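Shown below: entry.cif, with mmCIF, N, CA and C atoms.
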data_model
loop_
_atom_site.label_atom_id
_atom_site.label_comp_id
_atom_site.auth_asym_id
_atom_site.auth_seq_id
_atom_site.Cartn_x
_atom_site.Cartn_y
_atom_site.Cartn_z
N MET G 7 0.84 -1.17 0.00
CA MET G 7 0.00 0.00 0.00
C MET G 7 0.89 1.24 0.00
N ASN G 8 1.40 1.60 -1.14
CA ASN G 8 2.26 2.76 -1.27
C ASN G 8 1.45 3.95 -1.77
N LYS G 9 0.94 4.70 -0.86
CA LYS G 9 0.14 5.88 -1.19
C LYS G 9 0.97 7.10 -0.88
N LYS G 10 1.15 7.94 -1.88
CA LYS G 10 1.88 9.18 -1.68
C LYS G 10 0.91 10.23 -1.15
N PHE G 11 1.22 10.80 0.00
CA PHE G 11 0.39 11.83 0.60
C PHE G 11 0.49 13.08 -0.26
N LYS G 12 -0.65 13.56 -0.76
CA LYS G 12 -0.65 14.67 -1.69
C LYS G 12 -0.09 15.95 -1.08
N LEU G 13 -0.25 16.12 0.20
CA LEU G 13 0.22 17.33 0.87
C LEU G 13 1.56 17.13 1.58
N GLU G 14 2.34 16.19 1.09
CA GLU G 14 3.63 15.87 1.72
C GLU G 14 4.56 17.10 1.74
N LYS G 15 4.55 17.86 0.66
CA LYS G 15 5.41 19.04 0.58
C LYS G 15 5.01 20.07 1.64
N VAL G 16 3.71 20.22 1.86
CA VAL G 16 3.23 21.15 2.88
C VAL G 16 3.68 20.68 4.26
N LEU G 17 3.58 19.38 4.49
CA LEU G 17 4.03 18.81 5.77
C LEU G 17 5.52 19.06 5.96
N GLU G 18 6.32 18.83 4.92
CA GLU G 18 7.76 19.07 5.02
C GLU G 18 8.05 20.54 5.32
N LEU G 19 7.35 21.45 4.67
CA LEU G 19 7.58 22.87 4.91
C LEU G 19 7.22 23.25 6.34
N ARG G 20 6.13 22.68 6.84
CA ARG G 20 5.74 22.98 8.22
C ARG G 20 6.73 22.39 9.21
N GLU G 21 7.28 21.23 8.90
CA GLU G 21 8.31 20.64 9.78
C GLU G 21 9.57 21.48 9.78
N LYS G 22 9.96 22.00 8.61
CA LYS G 22 11.12 22.89 8.53
C LYS G 22 10.88 24.17 9.32
N ALA G 23 9.67 24.72 9.21
CA ALA G 23 9.32 25.92 9.97
C ALA G 23 9.39 25.65 11.47
N LEU G 24 8.93 24.47 11.88
CA LEU G 24 9.00 24.08 13.29
C LEU G 24 10.46 24.03 13.75
N GLU G 25 11.32 23.45 12.96
CA GLU G 25 12.75 23.37 13.31
C GLU G 25 13.36 24.77 13.43
N ARG G 26 13.00 25.66 12.50
CA ARG G 26 13.51 27.04 12.57
C ARG G 26 13.05 27.72 13.86
N GLU G 27 11.79 27.52 14.22
CA GLU G 27 11.27 28.13 15.44
C GLU G 27 11.96 27.56 16.68
N LYS G 28 12.27 26.28 16.65
CA LYS G 28 13.01 25.68 17.78
C LYS G 28 14.40 26.28 17.91
N ILE G 29 15.06 26.51 16.78
CA ILE G 29 16.40 27.11 16.81
C ILE G 29 16.33 28.54 17.35
N ILE G 30 15.33 29.29 16.90
CA ILE G 30 15.17 30.66 17.38
C ILE G 30 14.92 30.66 18.89
N LEU G 31 14.08 29.74 19.36
CA LEU G 31 13.81 29.65 20.79
C LEU G 31 15.07 29.32 21.57
N ALA G 32 15.88 28.40 21.06
CA ALA G 32 17.12 28.04 21.74
C ALA G 32 18.06 29.25 21.82
N ASP G 33 18.14 30.03 20.74
CA ASP G 33 18.98 31.23 20.75
C ASP G 33 18.47 32.25 21.78
N LEU G 34 17.18 32.43 21.83
CA LEU G 34 16.61 33.39 22.79
C LEU G 34 16.83 32.93 24.22
N GLN G 35 16.71 31.63 24.46
CA GLN G 35 16.96 31.12 25.80
C GLN G 35 18.42 31.29 26.18
N LEU G 36 19.32 31.14 25.22
CA LEU G 36 20.74 31.36 25.48
C LEU G 36 20.99 32.82 25.83
N LYS G 37 20.37 33.74 25.09
CA LYS G 37 20.52 35.17 25.39
C LYS G 37 19.98 35.49 26.78
N GLU G 38 18.84 34.88 27.13
CA GLU G 38 18.28 35.11 28.46
C GLU G 38 19.23 34.61 29.54
N LYS G 39 19.82 33.46 29.32
CA LYS G 39 20.77 32.90 30.29
C LYS G 39 21.99 33.79 30.43
N GLN G 40 22.50 34.30 29.30
CA GLN G 40 23.65 35.18 29.35
C GLN G 40 23.33 36.48 30.08
N ALA G 41 22.15 37.04 29.84
CA ALA G 41 21.75 38.26 30.54
C ALA G 41 21.63 38.01 32.04
N TYR G 42 21.10 36.85 32.41
CA TYR G 42 20.98 36.51 33.83
C TYR G 42 22.37 36.35 34.46
N GLU G 43 23.28 35.71 33.74
CA GLU G 43 24.65 35.54 34.25
C GLU G 43 25.34 36.89 34.40
N GLU G 44 25.10 37.80 33.45
CA GLU G 44 25.68 39.14 33.53
C GLU G 44 25.12 39.87 34.75
N MET G 45 23.83 39.74 34.99
CA MET G 45 23.21 40.37 36.15
C MET G 45 23.80 39.80 37.45
N THR G 46 24.02 38.50 37.47
CA THR G 46 24.60 37.87 38.66
C THR G 46 26.02 38.37 38.91
N SER G 47 26.80 38.51 37.85
CA SER G 47 28.17 39.00 38.02
C SER G 47 28.18 40.45 38.51
N VAL G 48 27.26 41.27 38.03
CA VAL G 48 27.18 42.66 38.50
C VAL G 48 26.80 42.68 39.98
N MET G 49 25.87 41.83 40.38
CA MET G 49 25.47 41.76 41.79
C MET G 49 26.64 41.34 42.67
N GLU G 50 27.42 40.36 42.21
CA GLU G 50 28.58 39.91 42.97
C GLU G 50 29.63 41.02 43.07
N ASP G 51 29.80 41.78 41.99
CA ASP G 51 30.75 42.89 41.99
C ASP G 51 30.32 43.96 43.00
N ILE G 52 29.02 44.26 43.03
CA ILE G 52 28.52 45.25 43.98
C ILE G 52 28.75 44.77 45.42
N LYS G 53 28.48 43.50 45.68
CA LYS G 53 28.70 42.96 47.02
C LYS G 53 30.17 43.04 47.41
N ALA G 54 31.05 42.70 46.44
CA ALA G 54 32.49 42.75 46.73
C ALA G 54 32.94 44.16 47.04
N LYS G 55 32.47 45.13 46.26
CA LYS G 55 32.87 46.52 46.51
C LYS G 55 32.29 47.04 47.82
N ASN G 56 31.08 46.63 48.16
CA ASN G 56 30.49 47.02 49.44
C ASN G 56 31.31 46.46 50.60
N SER G 57 31.74 45.20 50.46
CA SER G 57 32.55 44.62 51.53
C SER G 57 33.91 45.30 51.63
N GLN G 58 34.51 45.69 50.50
CA GLN G 58 35.78 46.43 50.53
C GLN G 58 35.59 47.80 51.18
N LEU G 59 34.45 48.44 50.87
CA LEU G 59 34.14 49.73 51.44
C LEU G 59 34.02 49.61 52.95
N GLU G 60 33.32 48.59 53.41
CA GLU G 60 33.16 48.40 54.85
C GLU G 60 34.50 48.08 55.53
N GLN G 61 35.33 47.31 54.85
CA GLN G 61 36.65 47.00 55.42
C GLN G 61 37.50 48.25 55.53
N ASP G 62 37.48 49.10 54.51
CA ASP G 62 38.26 50.34 54.56
C ASP G 62 37.72 51.28 55.65
N ARG G 63 36.41 51.32 55.80
CA ARG G 63 35.84 52.15 56.87
C ARG G 63 36.25 51.61 58.24
N ALA G 64 36.26 50.31 58.38
CA ALA G 64 36.64 49.70 59.65
C ALA G 64 38.11 49.99 59.97
N LYS G 65 38.95 50.05 58.94
CA LYS G 65 40.38 50.31 59.13
C LYS G 65 40.65 51.80 59.29
N GLY G 66 39.68 52.62 58.94
CA GLY G 66 39.86 54.05 59.07
C GLY G 66 40.46 54.68 57.81
N LEU G 67 40.43 53.96 56.69
CA LEU G 67 40.94 54.50 55.42
C LEU G 67 39.78 55.15 54.68
N PHE G 68 39.78 56.49 54.68
CA PHE G 68 38.67 57.20 54.05
C PHE G 68 39.07 57.84 52.73
N ASP G 69 40.22 57.46 52.18
CA ASP G 69 40.71 58.05 50.93
C ASP G 69 39.85 57.65 49.73
N PHE G 70 39.42 56.41 49.68
CA PHE G 70 38.75 55.88 48.48
C PHE G 70 37.23 55.68 48.68
N ILE G 71 36.70 56.16 49.78
CA ILE G 71 35.28 55.92 50.06
C ILE G 71 34.39 56.58 49.01
N GLU G 72 34.73 57.78 48.61
CA GLU G 72 33.93 58.47 47.59
C GLU G 72 33.98 57.73 46.26
N MET G 73 35.16 57.19 45.90
CA MET G 73 35.29 56.41 44.66
C MET G 73 34.46 55.13 44.74
N TYR G 74 34.51 54.47 45.90
CA TYR G 74 33.70 53.26 46.07
C TYR G 74 32.22 53.57 45.88
N ASN G 75 31.77 54.65 46.51
CA ASN G 75 30.35 55.02 46.40
C ASN G 75 29.96 55.31 44.95
N LYS G 76 30.80 56.04 44.23
CA LYS G 76 30.50 56.33 42.83
C LYS G 76 30.50 55.04 41.99
N TYR G 77 31.48 54.18 42.24
CA TYR G 77 31.56 52.92 41.49
C TYR G 77 30.34 52.05 41.77
N ILE G 78 29.93 51.97 43.03
CA ILE G 78 28.77 51.18 43.39
C ILE G 78 27.51 51.75 42.74
N ALA G 79 27.40 53.09 42.69
CA ALA G 79 26.23 53.71 42.05
C ALA G 79 26.19 53.37 40.56
N VAL G 80 27.35 53.40 39.91
CA VAL G 80 27.42 53.05 38.49
C VAL G 80 27.03 51.59 38.29
N ARG G 81 27.52 50.71 39.14
CA ARG G 81 27.22 49.29 39.01
C ARG G 81 25.73 49.00 39.32
N GLN G 82 25.14 49.80 40.20
CA GLN G 82 23.71 49.62 40.47
C GLN G 82 22.90 50.02 39.24
N ASN G 83 23.34 51.05 38.53
CA ASN G 83 22.68 51.41 37.27
C ASN G 83 22.85 50.27 36.25
N ASP G 84 24.05 49.68 36.22
CA ASP G 84 24.28 48.53 35.34
C ASP G 84 23.36 47.36 35.73
N LEU G 85 23.16 47.20 37.02
CA LEU G 85 22.28 46.13 37.50
C LEU G 85 20.84 46.36 37.02
N LEU G 86 20.38 47.60 37.07
CA LEU G 86 19.04 47.91 36.57
C LEU G 86 18.93 47.62 35.08
N LEU G 87 19.97 47.96 34.33
CA LEU G 87 19.97 47.66 32.89
C LEU G 87 19.95 46.15 32.65
N CYS G 88 20.70 45.42 33.45
CA CYS G 88 20.72 43.95 33.31
C CYS G 88 19.36 43.35 33.65
N GLU G 89 18.72 43.87 34.67
CA GLU G 89 17.39 43.38 35.02
C GLU G 89 16.41 43.64 33.88
N THR G 90 16.53 44.80 33.26
CA THR G 90 15.68 45.11 32.11
C THR G 90 15.95 44.15 30.97
N LYS G 91 17.23 43.85 30.72
CA LYS G 91 17.59 42.90 29.67
C LYS G 91 16.99 41.53 29.95
N VAL G 92 17.07 41.10 31.19
CA VAL G 92 16.53 39.78 31.55
C VAL G 92 15.02 39.76 31.34
N GLN G 93 14.34 40.82 31.74
CA GLN G 93 12.89 40.87 31.56
C GLN G 93 12.52 40.88 30.09
N MET G 94 13.24 41.66 29.27
CA MET G 94 12.96 41.69 27.84
C MET G 94 13.23 40.33 27.20
N ALA G 95 14.31 39.69 27.61
CA ALA G 95 14.63 38.37 27.07
C ALA G 95 13.56 37.36 27.46
N ALA G 96 13.06 37.46 28.68
CA ALA G 96 12.00 36.54 29.12
C ALA G 96 10.73 36.76 28.31
N LYS G 97 10.41 38.02 28.01
CA LYS G 97 9.23 38.31 27.19
C LYS G 97 9.40 37.74 25.78
N GLU G 98 10.59 37.90 25.22
CA GLU G 98 10.85 37.37 23.87
C GLU G 98 10.75 35.85 23.86
N VAL G 99 11.25 35.22 24.91
CA VAL G 99 11.16 33.75 25.00
C VAL G 99 9.71 33.32 25.06
N GLU G 100 8.89 34.03 25.84
CA GLU G 100 7.48 33.67 25.93
C GLU G 100 6.77 33.86 24.59
N LYS G 101 7.08 34.93 23.88
CA LYS G 101 6.48 35.15 22.56
C LYS G 101 6.89 34.03 21.61
N GLN G 102 8.17 33.65 21.66
CA GLN G 102 8.66 32.61 20.77
C GLN G 102 8.05 31.26 21.12
N LYS G 103 7.78 31.03 22.39
CA LYS G 103 7.12 29.78 22.79
C LYS G 103 5.72 29.70 22.19
N GLU G 104 5.03 30.84 22.15
CA GLU G 104 3.70 30.85 21.53
C GLU G 104 3.79 30.55 20.04
N VAL G 105 4.78 31.14 19.37
CA VAL G 105 4.97 30.88 17.95
C VAL G 105 5.31 29.41 17.73
N LEU G 106 6.15 28.87 18.60
CA LEU G 106 6.53 27.46 18.51
C LEU G 106 5.31 26.55 18.71
N LYS G 107 4.44 26.90 19.66
CA LYS G 107 3.23 26.11 19.88
C LYS G 107 2.35 26.11 18.63
N LYS G 108 2.22 27.27 18.00
CA LYS G 108 1.40 27.36 16.79
C LYS G 108 2.02 26.51 15.67
N SER G 109 3.32 26.60 15.53
CA SER G 109 4.01 25.83 14.50
C SER G 109 3.87 24.33 14.77
N LEU G 110 4.00 23.94 16.01
CA LEU G 110 3.85 22.52 16.38
C LEU G 110 2.43 22.05 16.12
N ASN G 111 1.46 22.91 16.40
CA ASN G 111 0.06 22.57 16.13
C ASN G 111 -0.17 22.37 14.63
N ASP G 112 0.44 23.23 13.80
CA ASP G 112 0.32 23.10 12.35
C ASP G 112 0.86 21.75 11.87
N VAL G 113 1.99 21.35 12.41
CA VAL G 113 2.59 20.07 12.02
C VAL G 113 1.69 18.92 12.46
N LYS G 114 1.16 19.00 13.67
CA LYS G 114 0.29 17.93 14.16
C LYS G 114 -0.97 17.81 13.30
N VAL G 115 -1.52 18.95 12.89
CA VAL G 115 -2.71 18.93 12.04
C VAL G 115 -2.41 18.21 10.73
N MET G 116 -1.27 18.53 10.13
CA MET G 116 -0.90 17.89 8.87
C MET G 116 -0.64 16.40 9.06
N GLU G 117 -0.04 16.01 10.17
CA GLU G 117 0.20 14.59 10.42
C GLU G 117 -1.11 13.84 10.62
N LYS G 118 -2.06 14.46 11.30
CA LYS G 118 -3.37 13.83 11.48
C LYS G 118 -4.08 13.70 10.14
N LEU G 119 -3.96 14.74 9.31
CA LEU G 119 -4.56 14.68 7.98
C LEU G 119 -3.92 13.58 7.15
N LYS G 120 -2.62 13.42 7.27
CA LYS G 120 -1.92 12.37 6.54
C LYS G 120 -2.42 10.99 7.01
N ALA G 121 -2.56 10.82 8.32
CA ALA G 121 -3.05 9.55 8.85
C ALA G 121 -4.47 9.28 8.37
N LYS G 122 -5.29 10.33 8.34
CA LYS G 122 -6.67 10.18 7.87
C LYS G 122 -6.69 9.78 6.39
N HIS G 123 -5.83 10.40 5.60
CA HIS G 123 -5.75 10.06 4.18
C HIS G 123 -5.31 8.61 3.99
N LEU G 124 -4.35 8.18 4.80
CA LEU G 124 -3.90 6.78 4.69
C LEU G 124 -5.02 5.81 5.05
N LEU G 125 -5.80 6.14 6.09
CA LEU G 125 -6.92 5.27 6.45
C LEU G 125 -7.97 5.24 5.34
N ASN G 126 -8.26 6.40 4.78
CA ASN G 126 -9.22 6.45 3.68
C ASN G 126 -8.72 5.65 2.48
N TYR G 127 -7.43 5.74 2.20
CA TYR G 127 -6.86 4.99 1.09
C TYR G 127 -6.94 3.49 1.36
N ALA G 128 -6.68 3.10 2.60
CA ALA G 128 -6.77 1.68 2.95
C ALA G 128 -8.19 1.17 2.77
N GLU G 129 -9.17 1.97 3.16
CA GLU G 129 -10.57 1.59 2.96
C GLU G 129 -10.89 1.50 1.47
N TYR G 130 -10.39 2.44 0.70
CA TYR G 130 -10.62 2.44 -0.74
C TYR G 130 -10.04 1.18 -1.38
N VAL G 131 -8.81 0.84 -1.01
CA VAL G 131 -8.18 -0.37 -1.55
C VAL G 131 -8.97 -1.60 -1.15
N LYS G 132 -9.45 -1.64 0.08
CA LYS G 132 -10.23 -2.78 0.55
C LYS G 132 -11.54 -2.92 -0.24
N LYS G 133 -12.20 -1.78 -0.49
CA LYS G 133 -13.43 -1.81 -1.28
C LYS G 133 -13.15 -2.27 -2.71
N GLN G 134 -12.05 -1.81 -3.28
CA GLN G 134 -11.70 -2.22 -4.64
C GLN G 134 -11.45 -3.72 -4.69
N GLU G 135 -10.76 -4.25 -3.70
CA GLU G 135 -10.50 -5.68 -3.65
C GLU G 135 -11.80 -6.46 -3.52
N MET G 136 -12.70 -5.98 -2.68
CA MET G 136 -14.00 -6.64 -2.52
C MET G 136 -14.79 -6.60 -3.82
N MET G 137 -14.75 -5.48 -4.53
CA MET G 137 -15.45 -5.38 -5.81
C MET G 137 -14.86 -6.36 -6.82
N GLN G 138 -13.54 -6.51 -6.84
CA GLN G 138 -12.91 -7.46 -7.75
C GLN G 138 -13.31 -8.88 -7.41
N ILE G 139 -13.32 -9.19 -6.13
CA ILE G 139 -13.72 -10.54 -5.71
C ILE G 139 -15.17 -10.80 -6.11
N ASP G 140 -16.05 -9.83 -5.88
CA ASP G 140 -17.46 -9.99 -6.28
C ASP G 140 -17.58 -10.17 -7.79
N GLU G 141 -16.82 -9.38 -8.53
CA GLU G 141 -16.88 -9.47 -10.00
C GLU G 141 -16.39 -10.84 -10.48
N ILE G 142 -15.34 -11.34 -9.86
CA ILE G 142 -14.82 -12.66 -10.23
C ILE G 142 -15.85 -13.73 -9.91
N ASN G 143 -16.47 -13.63 -8.75
CA ASN G 143 -17.48 -14.62 -8.37
C ASN G 143 -18.69 -14.57 -9.31
N ILE G 144 -19.09 -13.39 -9.72
CA ILE G 144 -20.25 -13.26 -10.61
C ILE G 144 -19.94 -13.79 -11.99
N THR G 145 -18.78 -13.44 -12.55
CA THR G 145 -18.44 -13.85 -13.91
C THR G 145 -18.04 -15.31 -14.00
N ARG G 146 -17.57 -15.88 -12.97
CA ARG G 146 -17.10 -17.26 -13.01
C ARG G 146 -18.27 -18.23 -13.04
N GLY G 147 -19.29 -17.93 -12.36
CA GLY G 147 -20.44 -18.83 -12.32
C GLY G 147 -20.21 -19.93 -11.32
N TYR G 148 -21.33 -20.61 -11.01
CA TYR G 148 -21.22 -21.67 -10.01
C TYR G 148 -21.25 -23.03 -10.72
N LYS G 149 -20.38 -23.88 -10.33
CA LYS G 149 -20.36 -25.25 -10.87
C LYS G 149 -21.28 -26.10 -10.03
N GLU G 150 -22.14 -26.82 -10.70
CA GLU G 150 -23.02 -27.71 -9.96
C GLU G 150 -22.39 -29.08 -9.92
N GLU G 151 -22.49 -29.71 -8.84
CA GLU G 151 -21.88 -31.03 -8.69
C GLU G 151 -22.88 -32.12 -8.83
#

Step by step, read the file and then write its structure as structure tokens.
Amino acid sequence: MNKKFKLEKVLELREKALEREKIILADLQLKEKQAYEEMTSVMEDIKAKNSQLEQDRAKGLFDFIEMYNKYIAVRQNDLLLCETKVQMAAKEVEKQKEVLKKSLNDVKVMEKLKAKHLLNYAEYVKKQEMMQIDEINITRGYKEE
């Protein structure tokens, strides 16, 4: 039963589109991870500078306190930018997940249609075989013993 699915090319195109969407999602997830790692490193840097500032205050070294405060303020602004990046990346990932779901649904619809076509073809072949058997029985005639 070798039946060529008439919409095979459409199915292939939808599968390729699904693969492209998966690749895009993987890239976006990687960007989100990198943004989160950048945010984590900025937070660690701020903590380190705060601890250095406290150590210098405890030792009575007030020469670099103003520089520490300015550096920490700059890094806090960087932290806000990183948080914004993470939020934007998360939104993009969610949008891409929706696109991926739609693409996956399209592929599933085509696969179900293909399965339905194969079942219909199997029924058609079965009916044709039954018609041939009936025709053979009718034309052959019955032998009386």

Region 92-122 of chain G residues near region 18-37 of chain G within 7 Å, closest pair each, using all atoms listed in the file, as CSV:
residue,atom,partner,partner_atom,distance
G:Ala95,CA,G:Lys37,C,6.1
G:Glu98,C,G:Leu34,CA,6.4
G:Val99,CA,G:Leu34,C,5.8
G:Gln102,CA,G:Leu31,CA,5.9
G:Lys103,N,G:Leu31,CA,6.4
G:Val105,C,G:Glu27,CA,6.5
G:Leu106,CA,G:Glu27,CA,5.7
G:Ser109,C,G:Leu24,CA,5.3
G:Leu110,N,G:Leu24,CA,5.7
G:Asp112,C,G:Arg20,CA,6.2
G:Val113,CA,G:Arg20,C,5.5

**Asked** Can you list, as a PyMOL selection string, every protein, DNA or RNA residue that comes within 12 Å of region 64-80 of chain G when you count only C-alpha atoms, leaving out same-chain residues fewer than 6 positions away?
**Response** chain G and resi 48-58+86-87

**Asked** How many Å lie between CA of Gln40 (chain G) and atom C of Lys91 (chain G), rounded to one decimal?
**Response** 9.2 Å

Can you sort out the box for region 127-142 of chain G, edges along x, y and z, all listed atoms in, 3 Å on every side, with centre and edge lengths in Å to one decimal, as JSON?
{"center_x": -12.1, "center_y": -4.0, "center_z": -3.7, "size_x": 16.9, "size_y": 25.5, "size_z": 19.6}

**Request:** Provide the CA of Tyr127 (chain G) to atom N of Lys10 (chain G) distance in Å, to one decimal place.
**Result:** 9.0 Å

**Message:** Quick check, in Å to one decimal: how far apart do CA of Met116 (chain G) and atom C of Glu129 (chain G) lie?
**Reply:** 20.6 Å

**Message:** Starting from the PyMOL selection byres (((chain G and resi 12 and name CA) around 12) and name CA), expand the selection into actual residues of this file and give them as a list in words.
**Reply:** Lys9, Lys10, Phe11, Leu13, Glu14, Lys15, Val16, Leu17, Glu18, Met116, Leu119, Lys120, Ala121, His123, Leu124 and Tyr127 of chain G
